[in-house]
file start-v8.cif (mmCIF, C-alpha atoms)
data_model
loop_
_atom_site.label_atom_id
_atom_site.label_comp_id
_atom_site.auth_asym_id
_atom_site.auth_seq_id
_atom_site.Cartn_x
_atom_site.Cartn_y
_atom_site.Cartn_z
CA MET A 20 8.38 178.22 144.38
CA THR A 21 9.00 174.80 142.80
CA ARG A 22 12.65 173.84 142.65
CA THR A 23 13.74 172.03 139.52
CA PRO A 24 15.71 168.90 140.47
CA PRO A 25 19.26 168.81 139.13
CA PRO A 26 19.84 166.51 136.14
CA PRO A 27 21.35 163.07 136.84
CA THR A 28 24.62 164.05 135.19
CA ALA A 29 24.95 167.04 137.55
CA THR A 30 24.21 164.84 140.57
CA LEU A 31 26.88 162.38 139.45
CA GLY A 32 29.31 165.24 138.96
CA TYR A 33 28.68 166.56 142.46
CA ALA A 34 29.19 163.08 143.90
CA LEU A 35 32.46 162.59 142.06
CA PHE A 36 33.63 166.04 143.10
CA ALA A 37 32.84 165.25 146.73
CA THR A 38 35.27 162.32 146.61
CA ARG A 39 38.11 164.83 146.84
CA TRP A 40 37.59 164.69 150.61
CA LEU A 41 38.97 161.13 150.54
CA GLN A 42 42.38 162.78 150.14
CA ALA A 43 42.07 164.73 153.39
CA PRO A 44 43.28 161.82 155.61
CA LEU A 45 46.32 161.48 153.36
CA TYR A 46 47.39 165.05 154.09
CA PHE A 47 46.72 164.59 157.81
CA GLY A 48 49.00 161.54 157.62
CA LEU A 49 51.72 163.74 156.16
CA VAL A 50 51.26 166.05 159.15
CA VAL A 51 52.19 163.07 161.35
CA VAL A 52 55.25 162.49 159.16
CA GLN A 53 56.15 166.15 159.70
CA GLY A 54 56.13 165.46 163.44
CA VAL A 55 58.44 162.48 162.89
CA TYR A 56 60.94 164.72 161.09
CA VAL A 57 60.77 167.25 163.91
CA TYR A 58 61.70 164.46 166.34
CA LYS A 59 64.49 163.29 164.00
CA PHE A 60 65.88 166.83 163.73
CA PHE A 61 66.16 167.38 167.48
CA ASN A 62 67.52 163.88 168.01
CA GLU A 63 70.33 164.55 165.50
CA LEU A 64 70.92 168.00 167.02
CA TRP A 65 71.20 166.55 170.54
CA THR A 66 73.67 163.91 169.33
CA LEU A 67 75.79 166.58 167.65
CA ILE A 68 75.84 168.72 170.80
CA LEU A 69 76.91 165.75 172.95
CA ARG A 70 79.71 164.79 170.52
CA CYS A 71 80.97 168.38 170.37
CA VAL A 72 80.90 168.82 174.18
CA SER A 73 82.74 165.52 174.75
CA GLY A 74 85.37 166.39 172.14
CA ARG A 75 84.55 163.40 169.93
CA ALA A 76 83.45 165.46 166.92
CA ASP A 77 85.99 166.37 164.25
CA GLU A 78 85.38 168.92 161.49
CA THR A 79 84.19 166.35 158.99
CA TYR A 80 81.66 164.92 161.43
CA VAL A 81 80.30 168.38 162.29
CA MET A 82 79.93 169.26 158.61
CA LEU A 83 78.15 166.00 157.84
CA ALA A 84 75.88 166.40 160.88
CA VAL A 85 74.97 169.96 159.83
CA LEU A 86 74.24 168.79 156.28
CA LYS A 87 72.04 166.06 157.72
CA LEU A 88 70.11 168.68 159.72
CA VAL A 89 69.76 170.82 156.60
CA ASP A 90 68.54 167.75 154.74
CA VAL A 91 65.86 167.12 157.38
CA VAL A 92 64.72 170.77 157.23
CA MET A 93 64.51 170.74 153.42
CA ILE A 94 62.44 167.54 153.46
CA ALA A 95 60.18 169.16 156.07
CA ASN A 96 59.81 172.17 153.76
CA LEU A 97 58.90 169.81 150.94
CA LEU A 98 56.26 168.22 153.17
CA ILE A 99 54.78 171.65 154.00
CA MET A 100 54.43 172.47 150.30
CA VAL A 101 52.77 169.11 149.61
CA ILE A 102 50.44 169.37 152.63
CA VAL A 103 49.35 172.99 152.25
CA GLY A 104 49.58 173.33 148.48
CA GLY A 105 48.06 169.92 147.75
CA TYR A 106 45.19 170.37 150.19
CA GLU A 107 44.53 173.89 148.84
CA THR A 108 44.58 172.71 145.22
CA PHE A 109 42.84 169.34 145.35
CA VAL A 110 40.66 169.24 148.50
CA SER A 111 39.41 172.55 149.90
CA ARG A 112 40.31 176.22 149.99
CA ILE A 113 42.46 177.33 152.94
CA ASP A 114 41.09 180.82 153.58
CA LEU A 115 44.14 182.78 154.73
CA GLN A 116 43.59 185.81 152.49
CA GLY A 117 44.89 188.93 154.21
CA HIS A 118 46.79 187.04 156.91
CA ARG A 119 50.21 188.56 157.42
CA ASP A 120 51.89 185.12 157.44
CA GLN A 121 50.30 183.86 154.22
CA PRO A 122 53.05 182.37 151.98
CA GLU A 123 53.57 184.29 148.76
CA TRP A 124 53.15 181.18 146.61
CA LEU A 125 49.80 180.25 148.23
CA SER A 126 48.00 183.21 146.62
CA HIS A 127 48.45 181.70 143.13
CA VAL A 128 48.88 178.01 143.91
CA ASN A 129 47.85 175.58 141.18
CA PRO A 130 49.01 172.13 140.08
CA ASN A 131 51.65 173.54 137.69
CA VAL A 132 53.16 175.87 140.30
CA LEU A 133 53.08 173.11 142.91
CA LYS A 134 54.85 170.61 140.64
CA VAL A 135 57.61 173.07 139.75
CA LYS A 136 58.20 173.99 143.39
CA LEU A 137 58.30 170.33 144.39
CA ALA A 138 60.78 169.59 141.61
CA THR A 139 63.09 172.42 142.70
CA ALA A 140 62.82 171.27 146.32
CA ILE A 141 63.84 167.73 145.29
CA VAL A 142 66.82 169.17 143.41
CA GLY A 143 67.84 171.02 146.58
CA ILE A 144 67.57 167.86 148.68
CA SER A 145 69.57 165.93 146.09
CA SER A 146 72.24 168.65 146.17
CA VAL A 147 72.61 168.24 149.92
CA HIS A 148 72.94 164.45 149.60
CA LEU A 149 75.55 164.84 146.87
CA LEU A 150 77.47 167.35 148.98
CA GLN A 151 77.47 164.87 151.85
CA MET A 152 79.10 162.33 149.53
CA PHE A 153 81.81 164.80 148.48
CA VAL A 154 82.52 165.85 152.05
CA ASP A 155 82.91 162.21 153.09
CA VAL A 156 84.56 161.22 149.81
CA HIS A 157 87.18 159.02 151.53
CA HIS A 158 84.42 156.73 152.79
CA THR A 159 82.26 156.87 149.64
CA GLN A 160 82.69 154.31 146.89
CA ARG A 161 83.36 155.64 143.42
CA HIS A 162 80.37 153.68 142.13
CA ASP A 163 78.03 155.45 144.61
CA LEU A 164 79.57 158.84 143.85
CA LEU A 165 79.11 158.34 140.10
CA TRP A 166 75.50 157.27 140.34
CA GLY A 167 74.74 160.00 142.87
CA THR A 168 76.00 162.59 140.39
CA VAL A 169 74.04 161.05 137.49
CA ILE A 170 70.81 160.93 139.52
CA HIS A 171 71.31 164.53 140.66
CA MET A 172 71.76 165.70 137.06
CA ALA A 173 68.61 163.77 136.09
CA PHE A 174 66.69 165.67 138.79
CA ILE A 175 68.02 168.99 137.46
CA VAL A 176 67.07 168.17 133.86
CA SER A 177 63.62 166.96 134.92
CA ALA A 178 62.98 170.13 136.94
CA ALA A 179 64.11 172.32 134.02
CA ILE A 180 61.82 170.49 131.58
CA LEU A 181 58.88 170.70 134.01
CA ALA A 182 59.45 174.43 134.52
CA TYR A 183 59.66 174.96 130.77
CA MET A 184 56.44 173.02 130.14
CA SER A 185 54.46 174.71 132.91
CA GLY A 186 54.28 177.98 130.95
CA PRO A 187 52.56 176.57 127.83
CA MET A 188 50.36 174.33 130.01
CA ALA A 189 49.14 177.34 131.98
CA ALA A 190 48.54 179.27 128.75
CA ARG A 191 46.48 176.42 127.29
CA SER A 192 44.48 176.19 130.49
CA GLU A 193 43.75 179.90 130.31
CA HIS A 194 42.60 179.67 126.69
CA ALA A 195 40.45 176.64 127.50
CA HIS A 196 38.76 178.47 130.41
CA PRO A 197 38.53 182.15 129.45
CA PRO A 198 37.06 184.64 131.88
CA ARG A 199 33.27 184.81 131.89
CA GLU A 200 32.05 187.41 129.44
CA HIS A 201 29.68 189.93 130.91
CA ALA A 202 26.73 191.39 129.12
CA PRO A 203 27.49 194.87 127.82
CA ALA A 204 27.22 197.13 130.80
CA ASP A 205 25.61 200.52 130.66
CA GLN A 206 28.33 202.55 129.03
CA ASN A 207 27.16 205.53 131.02
CA ALA A 208 28.69 203.83 134.06
CA LEU A 209 32.17 203.60 132.55
CA ALA A 210 33.00 207.29 132.42
CA ASP A 211 32.24 208.17 136.05
CA GLN A 212 34.88 210.68 137.06
CA HIS A 213 34.53 212.22 140.56
CA ALA A 214 33.45 211.38 144.12
CA HIS A 215 32.38 212.87 147.47
CA HIS A 216 32.73 210.94 150.74
CA ARG A 217 30.06 210.40 153.38
CA GLY A 218 31.28 208.54 156.47
CA GLY A 219 29.30 206.65 159.10
CA PRO A 220 27.56 203.28 159.04
CA ASP A 221 23.98 204.58 159.30
CA PRO A 222 22.40 204.27 155.83
CA ALA A 223 19.54 206.58 156.77
CA ALA A 224 21.79 209.48 157.74
CA GLY A 225 22.58 211.99 155.02
CA PRO A 226 25.97 213.57 154.50
CA ALA A 227 26.84 216.46 156.73
CA PRO A 228 26.64 219.70 154.74
CA GLY A 229 30.05 220.51 153.36
CA ALA A 230 31.75 217.78 155.41
CA GLY A 231 35.06 216.69 153.94
CA LEU A 232 34.59 218.63 150.69
CA GLN A 233 37.56 220.26 148.98
CA PRO A 234 38.10 222.01 145.65
CA ALA A 235 39.17 219.40 143.09
CA THR A 236 42.47 220.86 141.97
CA GLY A 237 45.79 219.12 141.46
CA PRO A 238 46.46 215.42 141.01
CA LEU A 239 44.55 212.77 142.91
CA PRO A 240 46.54 211.80 146.05
CA VAL A 241 46.53 208.07 145.35
CA PRO A 242 48.75 206.23 147.87
CA ALA A 243 51.46 203.79 146.91
CA GLN A 244 50.31 200.27 146.09
CA ALA A 245 49.52 198.35 149.28
CA GLY A 246 51.42 195.17 150.02
CA PRO A 247 54.44 193.66 148.28
CA PRO A 248 54.69 194.01 144.50
CA ALA A 249 52.90 191.16 142.76
CA ARG A 250 54.37 189.25 139.84
CA GLU A 251 53.07 191.01 136.77
CA SER A 252 51.96 187.79 135.03
CA HIS A 253 49.84 186.70 137.98
CA ALA A 254 48.42 190.21 138.41
CA GLU A 255 47.37 190.18 134.76
CA ASP A 256 45.77 186.76 135.25
CA ARG A 257 43.74 188.11 138.18
CA ILE A 258 42.72 191.22 136.21
CA ARG A 259 41.49 189.13 133.28
CA ALA A 260 39.64 186.75 135.59
CA ALA A 261 37.91 189.70 137.30
CA ALA A 262 36.13 190.50 133.99
CA PHE A 263 36.24 194.28 134.34
CA PRO A 264 34.28 196.00 131.53
CA ALA A 265 37.16 198.46 131.11
CA ARG A 266 40.44 199.45 132.77
CA LYS A 267 39.95 202.53 134.92
CA GLN A 268 42.96 203.47 137.04
CA LEU A 269 42.57 205.60 140.15
CA GLU A 270 45.47 207.67 138.83
CA ASP A 271 43.40 208.55 135.74
CA PHE A 272 40.60 210.09 137.78
CA ASP A 273 39.71 213.50 136.34
CA THR A 274 40.01 215.95 139.24
CA GLY A 275 39.35 219.01 137.07
CA TYR A 276 35.66 218.30 136.55
CA PRO A 277 34.05 217.80 139.99
CA ARG A 278 32.90 220.87 141.87
CA VAL A 279 34.07 219.34 145.14
CA PHE A 280 35.95 216.14 145.90
CA ASP A 281 37.01 214.38 149.10
CA ARG A 282 40.57 213.33 148.34
CA ASP A 283 41.09 211.72 151.75
CA ALA A 284 38.34 209.15 151.10
CA VAL A 285 40.01 207.80 147.96
CA ALA A 286 43.42 207.91 149.67
CA ARG A 287 42.08 205.71 152.47
CA LEU A 288 40.38 203.30 150.12
CA GLY A 289 43.42 203.15 147.83
CA LYS A 290 45.42 201.54 150.63
CA LEU A 291 43.07 198.52 150.35
CA ASP A 292 42.85 198.11 154.12
CA PHE A 293 39.11 197.53 153.70
CA VAL A 294 39.79 194.29 151.76
CA ALA A 295 41.91 192.76 154.51
CA ALA A 296 39.35 193.87 157.13
CA CYS A 297 36.39 192.42 155.11
CA ARG A 298 34.71 195.84 155.02
CA ASN A 299 32.46 197.20 152.27
CA VAL A 300 32.47 200.29 150.07
CA VAL A 301 29.27 201.85 148.71
CA PHE A 302 29.39 204.45 145.91
CA THR A 303 26.13 206.34 145.37
CA GLY A 304 25.32 209.12 142.94
CA ALA A 305 23.67 210.05 139.66
CA PRO A 306 24.81 208.42 136.41
CA GLY A 307 28.12 209.70 135.10
CA THR A 308 29.48 210.96 138.42
CA GLY A 309 32.34 208.54 139.00
CA LYS A 310 31.00 205.41 140.70
CA THR A 311 32.13 202.69 138.31
CA HIS A 312 35.46 204.38 137.60
CA LEU A 313 36.34 204.32 141.29
CA ALA A 314 35.02 200.77 141.75
CA ILE A 315 37.10 199.45 138.85
CA GLY A 316 40.14 201.45 139.99
CA LEU A 317 39.98 199.87 143.45
CA GLY A 318 39.40 196.45 141.89
CA LEU A 319 42.48 196.79 139.68
CA ARG A 320 44.55 197.81 142.69
CA ALA A 321 43.29 194.79 144.61
CA CYS A 322 44.31 192.48 141.74
CA GLN A 323 47.77 194.03 141.64
CA ALA A 324 48.09 193.55 145.41
CA GLY A 325 47.45 189.81 145.10
CA HIS A 326 43.67 189.66 145.75
CA ARG A 327 41.17 187.89 143.53
CA VAL A 328 38.30 190.11 142.34
CA LEU A 329 35.04 189.52 140.46
CA PHE A 330 33.10 192.30 138.71
CA ALA A 331 29.48 192.07 137.52
CA THR A 332 26.40 194.22 137.39
CA ALA A 333 23.66 193.64 139.94
CA ALA A 334 21.47 192.06 137.24
CA GLU A 335 24.29 189.66 136.30
CA TRP A 336 24.82 188.67 139.94
CA VAL A 337 21.07 187.97 140.28
CA ASP A 338 21.10 185.85 137.12
CA ARG A 339 24.11 183.90 138.36
CA LEU A 340 22.55 183.20 141.76
CA ALA A 341 19.16 182.36 140.25
CA GLU A 342 20.81 179.81 137.96
CA ALA A 343 22.63 178.26 140.93
CA GLU A 344 19.43 178.14 142.97
CA ALA A 345 17.54 176.47 140.12
CA ALA A 346 20.25 173.80 140.04
CA GLY A 347 19.96 173.29 143.81
CA ARG A 348 23.45 174.60 144.57
CA LEU A 349 22.96 178.16 145.80
CA GLY A 350 24.81 177.45 149.04
CA GLU A 351 27.71 175.89 147.14
CA GLU A 352 27.84 178.89 144.78
CA LEU A 353 28.00 181.34 147.68
CA ALA A 354 30.62 179.24 149.45
CA GLY A 355 32.71 179.19 146.26
CA LEU A 356 32.73 182.99 146.25
CA ASP A 357 34.53 182.88 149.61
CA ASP A 358 37.68 182.28 147.56
CA VAL A 359 37.33 185.82 146.16
CA PRO A 360 38.19 188.52 148.74
CA LEU A 361 36.52 191.33 146.76
CA LEU A 362 33.25 191.29 144.79
CA ILE A 363 32.03 194.33 142.84
CA VAL A 364 28.26 194.74 142.36
CA ASP A 365 27.68 197.50 139.82
CA GLU A 366 24.50 199.44 138.94
CA VAL A 367 22.15 198.56 141.80
CA GLY A 368 18.94 200.46 141.09
CA TYR A 369 19.34 200.90 137.35
CA VAL A 370 16.94 197.98 136.82
CA PRO A 371 14.04 197.39 139.28
CA PHE A 372 14.20 194.02 141.07
CA ASP A 373 11.26 191.96 142.29
CA ALA A 374 11.12 190.21 145.67
CA ASP A 375 12.92 187.08 144.40
CA ALA A 376 15.80 189.10 142.94
CA ALA A 377 16.08 191.16 146.13
CA ARG A 378 16.11 187.93 148.14
CA LEU A 379 19.03 186.58 146.08
CA LEU A 380 20.97 189.82 146.56
CA PHE A 381 20.27 189.54 150.28
CA HIS A 382 21.76 186.03 150.28
CA LEU A 383 24.91 187.41 148.63
CA VAL A 384 25.28 190.35 151.04
CA ALA A 385 24.43 188.24 154.11
CA HIS A 386 26.90 185.51 153.16
CA ARG A 387 29.67 188.07 152.59
CA TYR A 388 28.98 189.84 155.90
CA GLU A 389 32.27 189.97 157.86
CA ARG A 390 33.56 187.24 155.52
CA GLY A 391 34.58 189.18 152.43
CA SER A 392 34.44 192.66 150.93
CA LEU A 393 31.85 194.16 148.60
CA ILE A 394 32.04 197.27 146.45
CA VAL A 395 28.53 198.37 145.46
CA THR A 396 27.58 201.20 143.11
CA SER A 397 24.06 202.63 142.98
CA ASP A 398 22.29 205.63 141.48
CA ARG A 399 20.55 206.37 144.79
CA PRO A 400 21.40 206.33 148.50
CA LEU A 401 20.71 203.22 150.55
CA GLU A 402 17.65 204.71 152.25
CA ARG A 403 15.98 204.95 148.80
CA TRP A 404 16.65 201.39 147.68
CA HIS A 405 13.01 200.53 148.44
CA GLU A 406 12.16 202.46 145.28
CA VAL A 407 13.76 199.78 143.06
CA LEU A 408 14.05 196.69 145.30
CA ASP A 409 11.06 194.85 146.67
CA GLY A 410 10.61 192.28 149.41
CA PRO A 411 10.92 191.86 153.19
CA SER A 412 14.67 191.10 152.99
CA LEU A 413 15.57 194.66 151.89
CA PRO A 414 16.01 196.24 155.38
CA ALA A 415 18.20 193.36 156.54
CA MET A 416 20.31 193.59 153.38
CA VAL A 417 20.85 197.34 153.74
CA ASP A 418 21.70 196.91 157.42
CA ARG A 419 24.38 194.29 156.73
CA LEU A 420 25.77 196.17 153.75
CA ALA A 421 26.09 199.51 155.57
CA HIS A 422 27.65 198.01 158.70
CA HIS A 423 31.47 198.02 158.44
CA ALA A 424 31.12 200.10 155.26
CA GLU A 425 32.51 203.36 153.93
CA THR A 426 29.85 205.17 151.93
CA VAL A 427 31.04 207.58 149.27
CA CYS A 428 28.50 210.03 147.82
CA LEU A 429 29.15 211.45 144.35
CA GLU A 430 27.49 214.71 143.31
CA GLY A 431 27.39 216.71 140.12
CA ASP A 432 26.27 216.52 136.52
CA SER A 433 27.17 213.65 134.23
CA TYR A 434 30.78 213.78 133.09
CA ARG A 435 29.80 212.51 129.63
CA ARG A 436 27.49 215.46 128.99
CA ARG A 437 30.22 218.02 129.68
CA PRO A 438 31.87 218.08 126.22
CA ALA A 439 28.53 218.33 124.43
CA THR A 440 27.26 221.07 126.77
CA SER A 441 30.49 223.08 126.44
CA ALA A 442 30.33 222.87 122.66
CA TRP A 443 26.66 223.96 122.66
CA VAL A 444 27.47 226.97 124.85
CA GLU A 445 30.33 227.99 122.55
CA ARG A 446 28.04 227.76 119.51
CA SER A 447 25.40 229.85 121.31
CA TYR A 448 27.88 232.65 121.68
#
call {"tool": "encode", "arguments": {"input": "start-v8.cif", "output": "structure tokens"}}
result
Amino acid sequence: MTRTPPPPTATLGYALFATRWLQAPLYFGLVVVQGVYVYKFFNELWTLILRCVSGRADETYVMLAVLKLVDVVMIANLLIMVIVGGYETFVSRIDLQGHRDQPEWLSHVNPNVLKVKLATAIVGISSVHLLQMFVDVHHTQRHDLLWGTVIHMAFIVSAAILAYMSGPMAARSEHAHPPREHAPADQNALADQHAHHRGGPDPAAGPAPGAGLQPATGPLPVPAQAGPPARESHAEDRIRAAAFPARKQLEDFDTGYPRVFDRDAVARLGKLDFVAACRNVVFTGAPGTGKTHLAIGLGLRACQAGHRVLFATAAEWVDRLAEAEAAGRLGEELAGLDDVPLLIVDEVGYVPFDADAARLLFHLVAHRYERGSLIVTSDRPLERWHEVLDGPSLPAMVDRLAHHAETVCLEGDSYRRRPATSAWVERSY
């Protein structure tokens, strides 16, 4: 296959973008400064302990020494925000998604958030300096006290203005870069309404007869949202960026239609443990049986729990990867998807794929293997994917997809045909 060389403008853009790595030594230099402040903190602490033990420390000295220690800690906190937030925003992604110690602000860090947090940190440091002046007011000149107060108020006003402006700036950025519109998906995939679980990583093994099946009566036992509550505005941003074709909540799942339904499977998946563990979920079944509904429901939950999600049909994913490969940046495109903990690949098998398309899907699945989670929906089990996917990469793709995966089989007639069938039966009588 002949690869089309990227245009000169694209090459120049890639070169300019690569210059962001010139900033990396700057952040490593700030790490050294962080070490200097650690030394300064313990030096001041040791001096305070010696003065207190020897009885040469009065109350004013202790208070000033403590404020100085607090000042050092706050500046160190400021350095951490600049180092981690700046490196994450301007140089390269720090992949800590799912780590229990990940800072809350890191999940939605951007230049506006970083600037506001830095401004508030500077106000806090200025407050400590001003308090030191008031504590030691007998040794502080009135001129210094006056200008210290004026400068502190200037910091407060500046931080307030910056916080006020960050909202409209973020809104303009969102309007300037709207979420990617997807081609109209098969509407038959949007009304899927029930599921049946099949465990085990072996894609060739069929579900055990009657295993895990229960009558579908009563509400769906959806667990409480995993993780700490996310800020609603950021959750909505993630939901819009995911480009779901519709909003399908797990709580809206129709349990009155399926003949049988494994409630425990959805309860396990609803906890979102599979996202943190970089495991996959595969929904298989005939059209209209609940695959896309469950996939979107899990995706919405992931967005609300602080995870980034991207939704697209299998054909759209192939088109996206083919475009990247034609531009000579397939590897960069796949690496960029590492920033998204959960990808949803809908409707595998609805459109037959040739060997090149299957190869691109293999690249996606292989790159995500044990690196990020996939939710895949298909109208046929994995062992029958050879009917619609061609090429030597198919067995390797199925093997990687099924490993560390929970496969959920959906059985029954199409949910969309139920109202029409019921009405026809009533008219027949």
call {"tool": "residues_around", "arguments": {"input": "start-v8.cif", "residues": "range 173-183 of chain A", "least_positions_apart": "6", "cutoff": "7 Å", "atoms": "all atoms listed in the file", "output": "list in words"}}
result
Val135, Ala138, Thr139 and Val142 of chain A
call {"tool": "closest_residue", "arguments": {"input": "start-v8.cif", "among": "A:Val364, A:Leu41, A:Val154, A:Leu291", "to": "Tyr80 in chain A", "atoms": "only C-alpha atoms"}}
result
A:Val154
call {"tool": "resolve_selection", "arguments": {"input": "start-v8.cif", "expression": "the PyMOL selection byres ((chain A and resi 365) around 10)", "output": "list of chain:residue names"}}
result
A:Ala204, A:Asp205, A:Ala208, A:Phe302, A:Lys310, A:Thr311, A:Ala314, A:Ile315, A:Phe330, A:Ala331, A:Thr332, A:Ala333, A:Ala334, A:Glu335, A:Trp336, A:Leu362, A:Ile363, A:Val364, A:Glu366, A:Val367, A:Gly368, A:Tyr369, A:Ile394, A:Val395, A:Thr396, A:Ser397, A:Asp398
call {"tool": "residues_around", "arguments": {"input": "start-v8.cif", "residues": "Val337 in chain A", "least_positions_apart": "4", "cutoff": "9 Å", "atoms": "all atoms listed in the file", "output": "list in words"}}
result
Thr332, Ala333, Ala341, Glu342, Ala376, Ala377, Leu379 and Leu380 of chain A
call {"tool": "resolve_selection", "arguments": {"input": "start-v8.cif", "expression": "the PyMOL selection byres ((chain A and resi 409) around 8)", "output": "list in words"}}
result
Phe372, Asp373, Ala374, Ala377, His405, Glu406, Val407, Leu408, Gly410, Pro411 and Leu413 of chain A
call {"tool": "decode", "arguments": {"input": "start-v8.cif", "residues": "range 358-365 of chain A", "atoms": "all heavy atoms", "output": "mmCIF file, in the first residue's frame"}}
result
data_model
loop_
_atom_site.group_PDB
_atom_site.id
_atom_site.type_symbol
_atom_site.label_atom_id
_atom_site.label_comp_id
_atom_site.auth_asym_id
_atom_site.auth_seq_id
_atom_site.Cartn_x
_atom_site.Cartn_y
_atom_site.Cartn_z
ATOM 1 N N ASP A 358 -5.215 8.993 26.486
ATOM 2 C CA ASP A 358 -5.777 9.962 27.423
ATOM 3 C C ASP A 358 -7.222 9.635 27.794
ATOM 4 O O ASP A 358 -7.762 10.230 28.729
ATOM 5 C CB ASP A 358 -5.734 11.369 26.815
ATOM 6 C CG ASP A 358 -4.319 11.858 26.609
ATOM 7 O OD1 ASP A 358 -3.397 11.212 27.144
ATOM 8 O OD2 ASP A 358 -4.120 12.872 25.929
ATOM 9 N N VAL A 359 -7.848 8.732 27.036
ATOM 10 C CA VAL A 359 -9.269 8.405 27.246
ATOM 11 C C VAL A 359 -9.352 7.013 27.869
ATOM 12 O O VAL A 359 -9.066 6.019 27.195
ATOM 13 C CB VAL A 359 -10.050 8.453 25.921
ATOM 14 C CG1 VAL A 359 -11.540 8.239 26.177
ATOM 15 C CG2 VAL A 359 -9.819 9.777 25.210
ATOM 16 N N PRO A 360 -9.741 6.897 29.133
ATOM 17 C CA PRO A 360 -9.769 5.583 29.785
ATOM 18 C C PRO A 360 -10.757 4.600 29.171
ATOM 19 O O PRO A 360 -10.572 3.395 29.271
ATOM 20 C CB PRO A 360 -10.144 5.907 31.238
ATOM 21 C CG PRO A 360 -9.814 7.346 31.413
ATOM 22 C CD PRO A 360 -10.047 7.982 30.085
ATOM 23 N N LEU A 361 -11.834 5.090 28.535
ATOM 24 C CA LEU A 361 -12.871 4.188 28.032
ATOM 25 C C LEU A 361 -13.259 4.577 26.609
ATOM 26 O O LEU A 361 -13.680 5.711 26.360
ATOM 27 C CB LEU A 361 -14.108 4.231 28.939
ATOM 28 C CG LEU A 361 -15.303 3.372 28.498
ATOM 29 C CD1 LEU A 361 -14.920 1.908 28.411
ATOM 30 C CD2 LEU A 361 -16.485 3.569 29.442
ATOM 31 N N LEU A 362 -13.109 3.635 25.684
ATOM 32 C CA LEU A 362 -13.577 3.794 24.307
ATOM 33 C C LEU A 362 -14.730 2.831 24.061
ATOM 34 O O LEU A 362 -14.690 1.677 24.501
ATOM 35 C CB LEU A 362 -12.457 3.505 23.304
ATOM 36 C CG LEU A 362 -11.173 4.329 23.399
ATOM 37 C CD1 LEU A 362 -10.208 3.916 22.294
ATOM 38 C CD2 LEU A 362 -11.468 5.809 23.327
ATOM 39 N N ILE A 363 -15.750 3.299 23.358
ATOM 40 C CA ILE A 363 -16.903 2.461 23.010
ATOM 41 C C ILE A 363 -16.911 2.265 21.500
ATOM 42 O O ILE A 363 -16.915 3.238 20.740
ATOM 43 C CB ILE A 363 -18.221 3.089 23.485
ATOM 44 C CG1 ILE A 363 -18.207 3.271 25.006
ATOM 45 C CG2 ILE A 363 -19.406 2.222 23.069
ATOM 46 C CD1 ILE A 363 -19.456 3.940 25.558
ATOM 47 N N VAL A 364 -16.877 0.998 21.067
ATOM 48 C CA VAL A 364 -16.903 0.637 19.648
ATOM 49 C C VAL A 364 -18.234 -0.053 19.398
ATOM 50 O O VAL A 364 -18.438 -1.204 19.788
ATOM 51 C CB VAL A 364 -15.718 -0.284 19.281
ATOM 52 C CG1 VAL A 364 -15.731 -0.586 17.788
ATOM 53 C CG2 VAL A 364 -14.390 0.351 19.698
ATOM 54 N N ASP A 365 -19.134 0.635 18.731
ATOM 55 C CA ASP A 365 -20.501 0.148 18.557
ATOM 56 C C ASP A 365 -20.672 -0.489 17.174
ATOM 57 O O ASP A 365 -20.024 -0.104 16.207
ATOM 58 C CB ASP A 365 -21.472 1.328 18.710
ATOM 59 C CG ASP A 365 -22.910 0.872 18.897
ATOM 60 O OD1 ASP A 365 -23.109 -0.192 19.513
ATOM 61 O OD2 ASP A 365 -23.822 1.592 18.464
#
